[in-house]
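For reference, data16.tsv (TSV, C-alpha atoms and all ligand atoms):
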```tsv
chain	number	residue	atom	x	y	z
A	1	MET	CA	-33.87	10.03	-18.51
A	2	LYS	CA	-35.53	7.12	-16.79
A	3	THR	CA	-33.99	3.66	-16.89
A	4	ARG	CA	-34.05	0.44	-14.84
A	5	ALA	CA	-31.35	-0.87	-12.52
A	6	ALA	CA	-30.70	-3.43	-9.77
A	7	VAL	CA	-30.08	-1.52	-6.54
A	8	LEU	CA	-28.86	-2.82	-3.18
A	9	TRP	CA	-30.44	-0.82	-0.37
A	10	ASP	CA	-29.40	-2.98	2.61
A	11	ARG	CA	-26.77	-5.64	3.33
A	12	ASN	CA	-27.82	-9.26	2.92
A	13	LYS	CA	-30.98	-8.28	1.02
A	14	ASP	CA	-31.99	-9.00	-2.58
A	15	TRP	CA	-31.13	-6.67	-5.43
A	16	SER	CA	-34.15	-4.44	-6.09
A	17	VAL	CA	-34.83	-3.98	-9.80
A	18	GLU	CA	-36.54	-0.63	-10.17
A	19	GLU	CA	-36.88	2.51	-12.23
A	20	ILE	CA	-34.15	5.08	-11.58
A	21	GLN	CA	-33.44	8.62	-12.74
A	22	LEU	CA	-30.26	9.03	-14.81
A	23	ASP	CA	-28.67	12.43	-15.45
A	24	PRO	CA	-26.92	13.21	-18.74
A	25	PRO	CA	-23.14	12.69	-18.94
A	26	LYS	CA	-20.97	15.54	-17.64
A	27	GLN	CA	-17.29	16.35	-18.28
A	28	GLY	CA	-15.44	13.28	-19.56
A	29	GLU	CA	-18.46	10.98	-19.17
A	30	VAL	CA	-20.48	8.81	-21.53
A	31	LEU	CA	-24.01	7.39	-21.49
A	32	VAL	CA	-23.95	3.70	-22.37
A	33	ALA	CA	-26.78	1.28	-23.17
A	34	LEU	CA	-25.79	-2.07	-21.66
A	35	GLY	CA	-25.74	-5.18	-23.83
A	36	GLY	CA	-24.50	-7.69	-21.28
A	37	SER	CA	-23.37	-7.92	-17.67
A	38	GLY	CA	-21.65	-10.87	-16.01
A	39	LEU	CA	-22.62	-12.03	-12.51
A	40	CYS	CA	-19.26	-11.93	-10.72
A	41	HIS	CA	-18.84	-12.99	-7.11
A	42	SER	CA	-17.45	-9.57	-6.15
A	43	ASP	CA	-20.97	-8.05	-6.24
A	44	GLU	CA	-21.99	-10.75	-3.78
A	45	HIS	CA	-19.23	-9.49	-1.47
A	46	VAL	CA	-20.97	-6.10	-1.54
A	47	VAL	CA	-24.24	-7.77	-0.51
A	48	THR	CA	-22.62	-9.57	2.43
A	49	GLY	CA	-20.49	-6.58	3.42
A	50	ASP	CA	-17.25	-8.55	2.97
A	51	LEU	CA	-16.32	-5.79	0.54
A	52	PRO	CA	-17.23	-2.52	2.29
A	53	THR	CA	-19.06	-0.27	-0.16
A	54	ALA	CA	-21.34	2.72	0.41
A	55	LEU	CA	-25.07	1.95	0.00
A	56	PRO	CA	-27.38	2.28	-1.84
A	57	VAL	CA	-25.44	0.99	-4.82
A	58	ILE	CA	-26.20	-0.23	-8.32
A	59	GLY	CA	-24.44	-3.56	-8.78
A	60	GLY	CA	-22.45	-4.96	-11.66
A	61	HIS	CA	-18.93	-4.34	-12.93
A	62	GLU	CA	-18.44	-6.83	-15.80
A	63	GLY	CA	-20.22	-5.13	-18.67
A	64	ALA	CA	-20.24	-4.13	-22.31
A	65	GLY	CA	-22.52	-1.80	-24.21
A	66	ILE	CA	-23.01	0.85	-26.86
A	67	VAL	CA	-22.24	4.54	-26.31
A	68	GLU	CA	-25.40	6.61	-26.80
A	69	GLU	CA	-24.21	10.08	-25.80
A	70	VAL	CA	-20.91	11.71	-24.89
A	71	GLY	CA	-20.37	14.58	-22.46
A	72	PRO	CA	-18.01	17.54	-22.97
A	73	GLY	CA	-14.31	16.74	-23.09
A	74	VAL	CA	-14.71	13.13	-24.21
A	75	THR	CA	-12.04	12.10	-26.70
A	76	GLY	CA	-11.94	8.94	-28.77
A	77	LEU	CA	-15.51	7.84	-28.07
A	78	ALA	CA	-18.62	8.70	-30.08
A	79	PRO	CA	-22.27	7.57	-30.13
A	80	GLY	CA	-22.51	4.10	-31.64
A	81	ASP	CA	-19.12	2.93	-30.33
A	82	ARG	CA	-19.06	-0.48	-28.67
A	83	VAL	CA	-17.22	-0.52	-25.36
A	84	ILE	CA	-16.13	-3.06	-22.78
A	85	PHE	CA	-15.97	-1.61	-19.29
A	86	SER	CA	-12.73	-1.99	-17.38
A	87	PHE	CA	-13.71	-2.60	-13.75
A	88	VAL	CA	-10.65	-0.61	-12.68
A	89	PRO	CA	-10.56	2.70	-14.58
A	90	SER	CA	-7.56	3.18	-16.82
A	91	CYS	CA	-6.58	6.82	-17.24
A	92	GLY	CA	-3.38	6.08	-19.14
A	93	GLN	CA	-1.67	9.04	-17.52
A	94	CYS	CA	-1.04	8.38	-13.83
A	95	ARG	CA	2.15	6.91	-12.45
A	96	ALA	CA	0.63	3.42	-12.16
A	97	CYS	CA	-0.72	3.44	-15.73
A	98	THR	CA	2.51	4.78	-17.19
A	99	SER	CA	4.55	2.19	-15.26
A	100	GLY	CA	2.64	-0.72	-16.76
A	101	MET	CA	0.54	-1.22	-13.62
A	102	GLY	CA	-2.79	-0.38	-15.23
A	103	SER	CA	-4.76	-2.56	-12.81
A	104	LEU	CA	-3.69	-0.14	-10.08
A	105	CYS	CA	-4.63	3.13	-11.87
A	106	GLU	CA	-4.84	6.02	-9.39
A	107	LEU	CA	-8.47	6.62	-10.35
A	108	GLY	CA	-9.30	3.36	-8.56
A	109	MET	CA	-9.16	5.36	-5.32
A	110	TYR	CA	-12.76	6.51	-5.85
A	111	THR	CA	-14.18	2.98	-6.10
A	112	ARG	CA	-15.55	2.59	-2.57
A	113	ASP	CA	-17.66	5.75	-2.76
A	114	GLY	CA	-18.96	4.77	-6.19
A	115	ARG	CA	-19.43	8.37	-7.30
A	116	GLN	CA	-18.38	9.85	-10.64
A	117	ILE	CA	-14.65	10.37	-11.15
A	118	SER	CA	-15.05	13.82	-12.70
A	119	ASP	CA	-16.74	15.68	-9.80
A	120	HIS	CA	-17.49	13.03	-7.13
A	121	THR	CA	-21.26	13.47	-7.46
A	122	ALA	CA	-23.92	10.98	-8.58
A	123	ARG	CA	-25.73	10.77	-11.95
A	124	HIS	CA	-27.97	7.93	-10.74
A	125	HIS	CA	-30.87	8.56	-8.34
A	126	ALA	CA	-33.88	6.70	-6.93
A	127	ARG	CA	-36.38	7.20	-4.08
A	128	GLY	CA	-34.98	10.73	-3.63
A	129	GLN	CA	-31.45	9.47	-2.96
A	130	ASP	CA	-28.16	9.39	-4.86
A	131	LEU	CA	-27.04	5.91	-5.90
A	132	GLY	CA	-23.47	4.67	-5.88
A	133	LEU	CA	-22.04	2.47	-8.63
A	134	MET	CA	-20.18	-0.82	-8.18
A	135	CYS	CA	-16.66	-0.11	-9.49
A	136	MET	CA	-17.99	3.25	-10.74
A	137	LEU	CA	-19.88	1.30	-13.44
A	138	GLY	CA	-23.23	-0.11	-12.22
A	139	THR	CA	-23.72	-2.58	-15.07
A	140	PHE	CA	-26.87	-4.16	-13.62
A	141	ALA	CA	-28.78	-1.43	-15.44
A	142	GLU	CA	-30.26	-0.85	-18.87
A	143	HIS	CA	-28.29	2.40	-19.11
A	144	THR	CA	-25.47	3.89	-17.10
A	145	VAL	CA	-23.22	6.95	-17.12
A	146	VAL	CA	-19.52	6.31	-16.56
A	147	HIS	CA	-16.19	8.08	-17.02
A	148	GLN	CA	-14.36	7.57	-20.31
A	149	ALA	CA	-11.44	6.12	-18.30
A	150	SER	CA	-13.65	3.07	-17.64
A	151	CYS	CA	-14.29	2.36	-21.34
A	152	VAL	CA	-12.24	0.30	-23.77
A	153	LYS	CA	-13.56	0.62	-27.31
A	154	PHE	CA	-13.69	-2.49	-29.46
A	155	ASP	CA	-14.77	-3.00	-33.04
A	156	ASP	CA	-15.30	-6.73	-33.00
A	157	ASP	CA	-18.56	-8.33	-34.05
A	158	LEU	CA	-18.52	-10.29	-30.78
A	159	PRO	CA	-21.96	-10.03	-29.11
A	160	LEU	CA	-22.02	-7.63	-26.17
A	161	ASP	CA	-23.33	-10.30	-23.79
A	162	VAL	CA	-20.18	-12.32	-24.45
A	163	ALA	CA	-17.74	-9.41	-24.77
A	164	CYS	CA	-18.72	-8.26	-21.27
A	165	LEU	CA	-16.77	-11.20	-19.80
A	166	LEU	CA	-13.54	-9.45	-20.80
A	167	GLY	CA	-14.36	-6.66	-18.33
A	168	CYS	CA	-13.48	-8.79	-15.29
A	169	GLY	CA	-13.50	-12.60	-15.25
A	170	VAL	CA	-11.43	-13.45	-18.31
A	171	ILE	CA	-8.62	-10.97	-17.75
A	172	THR	CA	-8.57	-11.42	-13.97
A	173	GLY	CA	-8.25	-15.21	-14.21
A	174	TRP	CA	-5.83	-15.28	-17.12
A	175	GLY	CA	-3.69	-12.46	-15.70
A	176	SER	CA	-3.54	-14.09	-12.25
A	177	VAL	CA	-1.64	-16.98	-13.83
A	178	ALA	CA	0.24	-15.18	-16.60
A	179	TYR	CA	1.14	-11.86	-15.00
A	180	THR	CA	0.86	-12.08	-11.21
A	181	GLY	CA	1.86	-15.75	-11.06
A	182	GLU	CA	4.41	-15.45	-13.91
A	183	ALA	CA	3.68	-19.01	-15.06
A	184	ARG	CA	5.89	-20.29	-17.85
A	185	VAL	CA	5.85	-23.19	-20.27
A	186	GLY	CA	6.33	-26.48	-18.46
A	187	ASP	CA	5.15	-25.16	-15.09
A	188	VAL	CA	2.66	-26.96	-12.89
A	189	VAL	CA	-0.32	-24.74	-12.05
A	190	VAL	CA	-3.08	-25.25	-9.49
A	191	VAL	CA	-6.34	-23.30	-9.52
A	192	VAL	CA	-8.41	-23.40	-6.32
A	193	GLY	CA	-12.06	-22.52	-7.09
A	194	ILE	CA	-13.53	-22.89	-10.58
A	195	GLY	CA	-15.95	-20.02	-11.06
A	196	GLY	CA	-15.87	-17.25	-13.65
A	197	ILE	CA	-12.38	-16.27	-12.49
A	198	GLY	CA	-10.85	-19.69	-11.86
A	199	ILE	CA	-11.93	-21.17	-15.20
A	200	ASN	CA	-10.02	-18.39	-16.93
A	201	ALA	CA	-6.97	-19.09	-14.80
A	202	VAL	CA	-7.27	-22.65	-16.15
A	203	GLN	CA	-7.51	-21.30	-19.73
A	204	GLY	CA	-4.46	-19.11	-19.17
A	205	ALA	CA	-2.38	-21.94	-17.72
A	206	VAL	CA	-3.28	-24.24	-20.61
A	207	ALA	CA	-2.45	-21.57	-23.21
A	208	LEU	CA	0.89	-20.84	-21.53
A	209	GLY	CA	1.89	-24.47	-21.91
A	210	ALA	CA	1.70	-25.69	-18.33
A	211	GLU	CA	2.73	-29.32	-17.90
A	212	TYR	CA	-0.12	-30.03	-15.50
A	213	VAL	CA	-3.12	-27.89	-14.64
A	214	VAL	CA	-4.83	-29.09	-11.48
A	215	ALA	CA	-8.31	-27.68	-10.80
A	216	VAL	CA	-9.71	-27.82	-7.27
A	217	ASP	CA	-13.42	-27.41	-6.58
A	218	PRO	CA	-15.86	-29.29	-4.33
A	219	VAL	CA	-18.58	-29.11	-7.04
A	220	ALA	CA	-18.48	-31.95	-9.62
A	221	PHE	CA	-19.96	-29.76	-12.39
A	222	LYS	CA	-17.08	-27.30	-11.94
A	223	ARG	CA	-14.48	-30.05	-12.05
A	224	ASN	CA	-15.97	-31.39	-15.29
A	225	LYS	CA	-15.93	-27.89	-16.81
A	226	ALA	CA	-12.29	-27.43	-15.81
A	227	LEU	CA	-11.40	-30.65	-17.66
A	228	GLU	CA	-13.36	-29.40	-20.72
A	229	PHE	CA	-11.28	-26.21	-20.65
A	230	GLY	CA	-8.03	-28.18	-20.64
A	231	ALA	CA	-7.18	-28.90	-17.00
A	232	THR	CA	-5.23	-32.16	-16.81
A	233	HIS	CA	-6.65	-33.07	-13.39
A	234	ALA	CA	-9.61	-32.02	-11.26
A	235	VAL	CA	-9.98	-32.81	-7.56
A	236	ALA	CA	-12.42	-31.86	-4.83
A	237	SER	CA	-10.09	-30.50	-2.14
A	238	SER	CA	-6.65	-29.03	-1.49
A	239	GLN	CA	-5.78	-32.17	0.49
A	240	GLU	CA	-6.45	-34.30	-2.61
A	241	ALA	CA	-4.44	-31.83	-4.69
A	242	ALA	CA	-1.47	-32.13	-2.30
A	243	ALA	CA	-1.43	-35.92	-2.63
A	244	LEU	CA	-1.83	-35.75	-6.41
A	245	LEU	CA	0.93	-33.15	-6.87
A	246	THR	CA	3.31	-35.10	-4.65
A	247	GLU	CA	2.79	-38.07	-6.95
A	248	LEU	CA	2.86	-36.15	-10.27
A	249	THR	CA	5.92	-34.03	-9.50
A	250	ARG	CA	7.82	-36.42	-7.25
A	251	GLY	CA	7.47	-33.91	-4.44
A	252	ARG	CA	8.57	-30.81	-6.35
A	253	MET	CA	4.97	-29.52	-6.26
A	254	ALA	CA	3.53	-26.62	-8.32
A	255	GLN	CA	5.14	-23.37	-9.44
A	256	VAL	CA	1.91	-21.37	-9.24
A	257	CYS	CA	-1.29	-21.78	-7.21
A	258	VAL	CA	-4.08	-19.29	-7.85
A	259	ASN	CA	-6.76	-18.89	-5.17
A	260	THR	CA	-10.09	-18.10	-6.82
A	261	MET	CA	-12.62	-19.39	-4.32
A	262	GLY	CA	-15.91	-17.54	-3.92
A	263	VAL	CA	-14.93	-16.21	-0.48
A	264	GLY	CA	-11.28	-16.14	0.50
A	265	ASP	CA	-10.36	-18.08	3.62
A	266	GLY	CA	-7.36	-17.32	5.84
A	267	ASP	CA	-6.60	-21.02	6.26
A	268	GLN	CA	-6.45	-21.54	2.50
A	269	ILE	CA	-3.31	-19.39	2.22
A	270	GLY	CA	-1.38	-22.03	4.15
A	271	ALA	CA	-3.05	-24.89	2.29
A	272	SER	CA	-2.12	-23.32	-1.05
A	273	LEU	CA	1.40	-22.58	0.16
A	274	GLY	CA	1.69	-26.32	0.75
A	275	LEU	CA	0.78	-26.96	-2.91
A	276	VAL	CA	3.68	-24.95	-4.35
A	277	GLY	CA	7.34	-25.89	-4.25
A	278	LYS	CA	10.60	-23.97	-4.22
A	279	ARG	CA	10.08	-20.29	-5.14
A	280	GLY	CA	6.45	-21.18	-5.87
A	281	ARG	CA	3.87	-18.37	-5.99
A	282	VAL	CA	0.49	-18.37	-4.25
A	283	VAL	CA	-1.66	-15.79	-6.04
A	284	VAL	CA	-4.47	-14.38	-3.90
A	285	THR	CA	-7.13	-13.28	-6.37
A	286	ASN	CA	-10.26	-14.18	-4.40
A	287	LEU	CA	-11.45	-11.47	-2.02
A	288	HIS	CA	-11.17	-12.22	1.67
A	289	PRO	CA	-13.73	-10.58	3.96
A	290	ALA	CA	-12.52	-7.15	5.06
A	291	ALA	CA	-13.09	-8.20	8.67
A	292	GLU	CA	-10.70	-11.15	8.37
A	293	THR	CA	-7.29	-10.12	9.66
A	294	LYS	CA	-5.61	-13.47	10.26
A	295	VAL	CA	-4.25	-16.00	7.82
A	296	THR	CA	-2.63	-19.32	8.65
A	297	MET	CA	0.56	-20.39	6.94
A	298	SER	CA	4.03	-21.66	7.64
A	299	ALA	CA	6.25	-18.59	7.46
A	300	LEU	CA	9.22	-20.94	7.77
A	301	GLU	CA	8.30	-22.32	4.32
A	302	LEU	CA	8.36	-18.79	2.94
A	303	THR	CA	11.98	-18.46	3.95
A	304	THR	CA	13.40	-21.92	3.55
A	305	TYR	CA	11.80	-22.61	0.14
A	306	GLU	CA	11.60	-18.95	-0.93
A	307	LYS	CA	7.87	-19.30	-1.45
A	308	GLN	CA	5.83	-16.17	-2.17
A	309	VAL	CA	2.29	-14.96	-1.55
A	310	ARG	CA	1.14	-12.34	-4.09
A	311	GLY	CA	-2.07	-10.34	-4.25
A	312	SER	CA	-3.66	-9.84	-7.66
A	313	LEU	CA	-6.10	-7.14	-8.72
A	314	PHE	CA	-7.58	-7.57	-12.22
A	315	GLY	CA	-4.82	-10.12	-12.88
A	316	SER	CA	-2.14	-7.39	-12.75
A	317	CYS	CA	-3.23	-6.54	-16.29
A	318	ASN	CA	-3.10	-3.37	-18.36
A	319	PRO	CA	-6.73	-3.05	-19.48
A	320	ARG	CA	-6.08	-0.95	-22.57
A	321	SER	CA	-3.64	-3.47	-24.02
A	322	ASP	CA	-4.91	-6.70	-22.49
A	323	ILE	CA	-8.60	-6.40	-23.42
A	324	PRO	CA	-7.72	-6.01	-27.15
A	325	ARG	CA	-5.06	-8.74	-26.79
A	326	MET	CA	-7.60	-11.19	-25.39
A	327	LEU	CA	-10.01	-10.33	-28.22
A	328	GLU	CA	-7.28	-11.27	-30.67
A	329	LEU	CA	-6.67	-14.56	-28.86
A	330	TYR	CA	-10.40	-15.23	-29.08
A	331	ARG	CA	-10.42	-14.52	-32.83
A	332	SER	CA	-7.51	-16.89	-33.40
A	333	GLY	CA	-9.27	-19.64	-31.46
A	334	LYS	CA	-6.93	-19.64	-28.45
A	335	LEU	CA	-9.46	-18.26	-25.96
A	336	LYS	CA	-12.93	-19.62	-25.24
A	337	LEU	CA	-15.52	-16.94	-24.46
A	338	ALA	CA	-19.05	-18.06	-25.35
A	339	GLU	CA	-18.42	-21.37	-23.54
A	340	LEU	CA	-17.90	-19.48	-20.27
A	341	ARG	CA	-21.54	-18.50	-20.20
A	342	THR	CA	-23.65	-21.20	-18.58
A	343	ARG	CA	-26.95	-19.33	-18.44
A	344	THR	CA	-28.39	-15.93	-19.36
A	345	TYR	CA	-30.93	-13.95	-17.35
A	346	GLY	CA	-33.11	-10.89	-17.79
A	347	LEU	CA	-32.33	-7.95	-15.47
A	348	ASP	CA	-35.39	-8.89	-13.41
A	349	GLU	CA	-33.83	-12.31	-12.75
A	350	VAL	CA	-30.61	-10.98	-11.19
A	351	ASN	CA	-31.42	-12.59	-7.81
A	352	VAL	CA	-32.09	-15.94	-9.51
A	353	GLY	CA	-28.67	-15.62	-11.15
A	354	TYR	CA	-26.96	-15.05	-7.81
A	355	ASP	CA	-28.85	-17.96	-6.28
A	356	ASP	CA	-27.48	-20.13	-9.10
A	357	MET	CA	-23.96	-18.81	-8.40
A	358	ARG	CA	-24.23	-19.60	-4.69
A	359	ASN	CA	-25.36	-23.12	-5.54
A	360	GLY	CA	-22.53	-23.75	-8.00
A	361	ARG	CA	-24.81	-24.08	-11.05
A	362	ASN	CA	-22.94	-21.65	-13.32
A	363	LEU	CA	-19.47	-21.17	-14.62
A	364	ARG	CA	-20.69	-17.65	-15.32
A	365	GLY	CA	-24.22	-16.28	-15.44
A	366	VAL	CA	-24.81	-13.26	-17.69
A	367	ILE	CA	-27.60	-10.68	-17.76
A	368	THR	CA	-28.62	-9.85	-21.32
A	369	PHE	CA	-30.40	-6.65	-22.28
B	401	LIG	N1	-8.78	-9.78	-7.51
B	401	LIG	C1	-9.64	-9.40	-8.44
B	401	LIG	O1	-9.34	-8.51	-9.24
B	401	LIG	C2	-10.97	-10.07	-8.54
B	401	LIG	C3	-11.79	-9.84	-9.65
B	401	LIG	C4	-12.99	-10.53	-9.73
B	401	LIG	C5	-13.37	-11.41	-8.74
B	401	LIG	N2	-12.56	-11.58	-7.67
B	401	LIG	C6	-12.89	-12.52	-6.61
B	401	LIG	O2	-12.54	-13.83	-7.04
B	401	LIG	C7	-13.34	-14.78	-6.35
B	401	LIG	C8	-13.97	-15.74	-7.34
B	401	LIG	O3	-14.97	-15.06	-8.08
B	401	LIG	P1	-15.95	-15.87	-9.06
B	401	LIG	O4	-16.85	-14.87	-9.68
B	401	LIG	O5	-15.16	-16.77	-9.93
B	401	LIG	O6	-16.75	-16.74	-7.98
B	401	LIG	P2	-17.71	-18.03	-8.16
B	401	LIG	O7	-18.63	-18.04	-7.03
B	401	LIG	O8	-18.25	-18.02	-9.56
B	401	LIG	O9	-16.70	-19.26	-8.07
B	401	LIG	C9	-16.08	-19.64	-6.89
B	401	LIG	C10	-15.79	-21.13	-6.93
B	401	LIG	O10	-15.04	-21.48	-5.76
B	401	LIG	C11	-15.46	-22.78	-5.37
B	401	LIG	N3	-15.07	-23.02	-3.98
B	401	LIG	C12	-15.68	-22.60	-2.84
B	401	LIG	N4	-15.00	-23.05	-1.76
B	401	LIG	C13	-13.94	-23.75	-2.22
B	401	LIG	C14	-12.87	-24.45	-1.60
B	401	LIG	N5	-12.74	-24.52	-0.27
B	401	LIG	N6	-11.94	-25.05	-2.39
B	401	LIG	C15	-12.05	-24.99	-3.73
B	401	LIG	N7	-13.05	-24.34	-4.38
B	401	LIG	C16	-13.97	-23.72	-3.63
B	401	LIG	C17	-16.97	-22.76	-5.60
B	401	LIG	O11	-17.50	-24.07	-5.70
B	401	LIG	C18	-17.05	-22.01	-6.93
B	401	LIG	O12	-17.01	-22.90	-8.04
B	401	LIG	C19	-14.34	-13.97	-5.53
B	401	LIG	O13	-13.83	-13.79	-4.22
B	401	LIG	C20	-14.35	-12.65	-6.26
B	401	LIG	O14	-14.80	-11.58	-5.46
B	401	LIG	C21	-11.37	-10.93	-7.55
B	402	ZN	ZN	-15.51	-9.28	-11.05
B	403	ZN	ZN	-4.15	5.70	-14.40
```
Please render this file's structure as structure tokens.
Ligand SMILES: NC(=O)c1ccc[n+]([C@@H]2O[C@H](COP(=O)([O-])OP(=O)(O)OC[C@H]3O[C@@H](n4cnc5c(N)ncnc54)[C@H](O)[C@@H]3O)[C@@H](O)[C@H]2O)c1
Ligand SMILES: [Zn+2]
Ligand SMILES: [Zn+2]
Amino acid sequence: MKTRAAVLWDRNKDWSVEEIQLDPPKQGEVLVALGGSGLCHSDEHVVTGDLPTALPVIGGHEGAGIVEEVGPGVTGLAPGDRVIFSFVPSCGQCRACTSGMGSLCELGMYTRDGRQISDHTARHHARGQDLGLMCMLGTFAEHTVVHQASCVKFDDDLPLDVACLLGCGVITGWGSVAYTGEARVGDVVVVVGIGGIGINAVQGAVALGAEYVVAVDPVAFKRNKALEFGATHAVASSQEAAALLTELTRGRMAQVCVNTMGVGDGDQIGASLGLVGKRGRVVVTNLHPAAETKVTMSALELTTYEKQVRGSLFGSCNPRSDIPRMLELYRSGKLKLAELRTRTYGLDEVNVGYDDMRNGRNLRGVITF
């Protein structure tokens, strides 16, 4: 069939919205009509090359849609089913999945090539070439074909252009605090960078009963949003946060600091390490450029205060249990979803959406179909 998608042909160029050719689903695959796709910063890392990915590629990895057709061997999904895509596939059978490390499912190994999991070939084509898929999803498209391991079925009446946010931002932010950071009631939590990921780290910290939640962002709009979502304090820089925390905690500092800036920065690791106290955890969720190989921090603090630096992919979550769990929290009023969406765009406006992201205008922008 023919459909339309936003394709990146060259680094540091705009997304090209164009007609593409889409093959039918093969073994274990489904054809999905997209209903919504969030504009996450990770796709921007593909544009800049900070996240090395084969080109050309269809962008987008935070999506939800309706299954239109299933290929042979698909179990548990049928046409008409509503699915949220998990940006890391979740096979449920590999050693990672069966050890409760779903965010590290072995099928994630195919992500950089962006080809289909089943046979490592492409279903998406344009201009006589095969197209890769961001996170093996390619949600900046009216239709896509993905492996069933990437789909989490949900039966909620939540609109697809809100539900899509559960496919990356919500779970990544929440999980960074709750799972990777292991925040507990009464802890002091800092979130550095209030975008689609950071705002959900704020939500998670508030829901877990943090004593103080300190949001850090240079953009005033973001700081105001953080306060709306329950942060107790919002400051413009890590230096301001250090002074504030010293005062608030009488020098004990935070238990958890989550880094969720747009582009990770090697110097921020040390700055964040300075914001946490004894056995405090710095959670590195934001992506640092692949070319960056140096970080600055006091290793003496690691030892003498038993501080820790922890990486976090998809908030160390288990997609098949955490996506439904977050839906339940939403239904019981403990999770804000619709409020995360600052502005919606048509697929043709994807570059406008990313311009708004770069200029700090959105908590999250969402493409609606
Ligand atoms: N680890 C994962 O699984 C995972 C998943 C999704 C996204 N990410 C990454 O998380 C990061 C955040 O993504 P997003 O979509 O929320 O981005 P975003 O662009 O929406 O938000 C980033 C925010 O960081 C703020 N910021 C920039 N420099 C700052 C600084 N020095 N101090 C404090 N704040 C600063 C910006 O003003 C902005 O509000 C990106 O690097 C993204 O690739 C990681
Ligand atoms: Zn993302
Ligand atoms: Zn697995």
Legend entry - Contact residues around A:Val70 with only C-alpha atoms at 7 Å, ignoring same-chain residues under 2 positions, as a list of chain:residue names: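 So the residues in contact are A:Pro25, A:Glu29, A:Val30, A:Leu31, A:Pro72, A:Val74, A:Ala78, A:Pro79.
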Inset, instruction - Taking the point (-17.3, 0.3, -31.0) as given in the file, collect each protein or nucleic acid residue that comes within 6 Å of it, counting all atoms listed in the file, and present the set as a PyMOL selection string. - result: chain A and resi 81-83+153-155
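Going from atom CA of A:Gly80 to atom CA of A:Ala5 covers 21.6 Å.
Listed by chain and then residue number, the contacts of ligand ZN 403 (chain B) are Pro89, Ser90, Cys91, Gly92, Gln93, Cys94, Arg95, Ala96, Cys97, Thr98, Met101, Gly102, Ser103, Leu104, Cys105, Glu106, Leu107, Gly108 and Ala149 of chain A (distance at most 9 Å, using all atoms listed in the file).
Note that the spacing between atom CA of A:Thr75 and atom CA of A:Gly100 amounts to 21.9 Å.
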Inset, instruction - Just give me the residues with any atom within 10 Å of (-13.7, -15.2, -21.5), file coordinates, counting all atoms listed in the file, written as a PyMOL selection string. - result: chain A and resi 162-174+196-197+199-200+203+326-327+330+335-341+364
Mind running stretch 180-199 of chain A against stretch 243-246 of chain A at 12 Å and telling me each contacting residue's nearest atom pair with the distance in Å (one decimal), counting all atoms listed in the file, chain and number ascending, as a Markdown table?
```
| residue | atom | partner | partner_atom | distance |
| --- | --- | --- | --- | --- |
| A:Val188 | CA | A:Leu245 | CA | 8.8 |
| A:Val189 | CA | A:Leu245 | CA | 10.0 |
| A:Val190 | CA | A:Leu245 | CA | 9.2 |
```
Legend entry - Expected answer as a list in words: residues within 7 Å of ligand ZN 402 (chain B), only C-alpha atoms and all ligand atoms: Cys40, His41, Ser42, His61, Glu62, Cys168 and Gly169 of chain A
Inset, instruction - Go through A:Met297, A:Ile20, A:Met261, A:Val284 one by one, measure the shortest atom-to-atom distance of each to A:Val309 using all atoms listed in the file, and give the residue with the smallest value. - result: A:Val284
Inset, instruction - Throw together the list of residues within 7 Å of ligand LIG 401 (chain B), counting only C-alpha atoms and all ligand atoms, and drop it here as JSON, numbers by chain. - result: {"A": [40, 41, 42, 45, 168, 169, 172, 192, 193, 194, 195, 196, 197, 198, 216, 217, 218, 219, 222, 236, 237, 238, 260, 261, 262, 263, 264, 285, 286, 287, 288, 312, 313, 314, 315, 357, 358, 360, 363, 364]}
Legend entry - Exercise: A:Lys278 partners within 12 Å, all atoms listed in the file, chain neighbours under 4 positions left out, as a PyMOL selection string: chain A and resi 251-256+273-274+282+301-308
Filtering to C-alpha atoms, could you give me those residues as a short mmCIF file (atom, residue, chain, number, x, y, z; two decimals), keeping the file's coordinate frame?
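Final output, saved to selection-v3.cif:
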```
data_model
loop_
_atom_site.label_atom_id
_atom_site.label_comp_id
_atom_site.auth_asym_id
_atom_site.auth_seq_id
_atom_site.Cartn_x
_atom_site.Cartn_y
_atom_site.Cartn_z
CA GLY A 251 7.47 -33.91 -4.44
CA ARG A 252 8.57 -30.81 -6.35
CA MET A 253 4.97 -29.52 -6.26
CA ALA A 254 3.53 -26.62 -8.32
CA GLN A 255 5.14 -23.37 -9.44
CA VAL A 256 1.91 -21.37 -9.24
CA LEU A 273 1.40 -22.58 0.16
CA GLY A 274 1.69 -26.32 0.75
CA VAL A 282 0.49 -18.37 -4.25
CA GLU A 301 8.30 -22.32 4.32
CA LEU A 302 8.36 -18.79 2.94
CA THR A 303 11.98 -18.46 3.95
CA THR A 304 13.40 -21.92 3.55
CA TYR A 305 11.80 -22.61 0.14
CA GLU A 306 11.60 -18.95 -0.93
CA LYS A 307 7.87 -19.30 -1.45
CA GLN A 308 5.83 -16.17 -2.17
#
```
Legend entry - All residues 12 Å or closer to A:His120, only C-alpha atoms, same chain fewer than 4 positions away omitted, as number ranges by chain: A: 26-27, 107, 109-116, 130-133, 136, 146-147
Legend entry - Polymer residues at most 7 Å from A:Gly365, only C-alpha atoms, same-chain spacing of 5 or more positions, as an MDAnalysis selection string: chainID A and resid 38:39 341:344 353
Inset, instruction - Would you mind reading off the distance between atom CA of A:Ile269 and atom CA of A:Val214, one decimal, in Å? - result: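 Atom-to-atom, atom CA of A:Ile269 to atom CA of A:Val214, that is 16.9 Å.
Considering the residues A:Lys294, A:His125, A:Arg279, A:Arg250 and counting only C-alpha atoms, A:Asp265 has its shortest atom-to-atom contact with A:Lys294.
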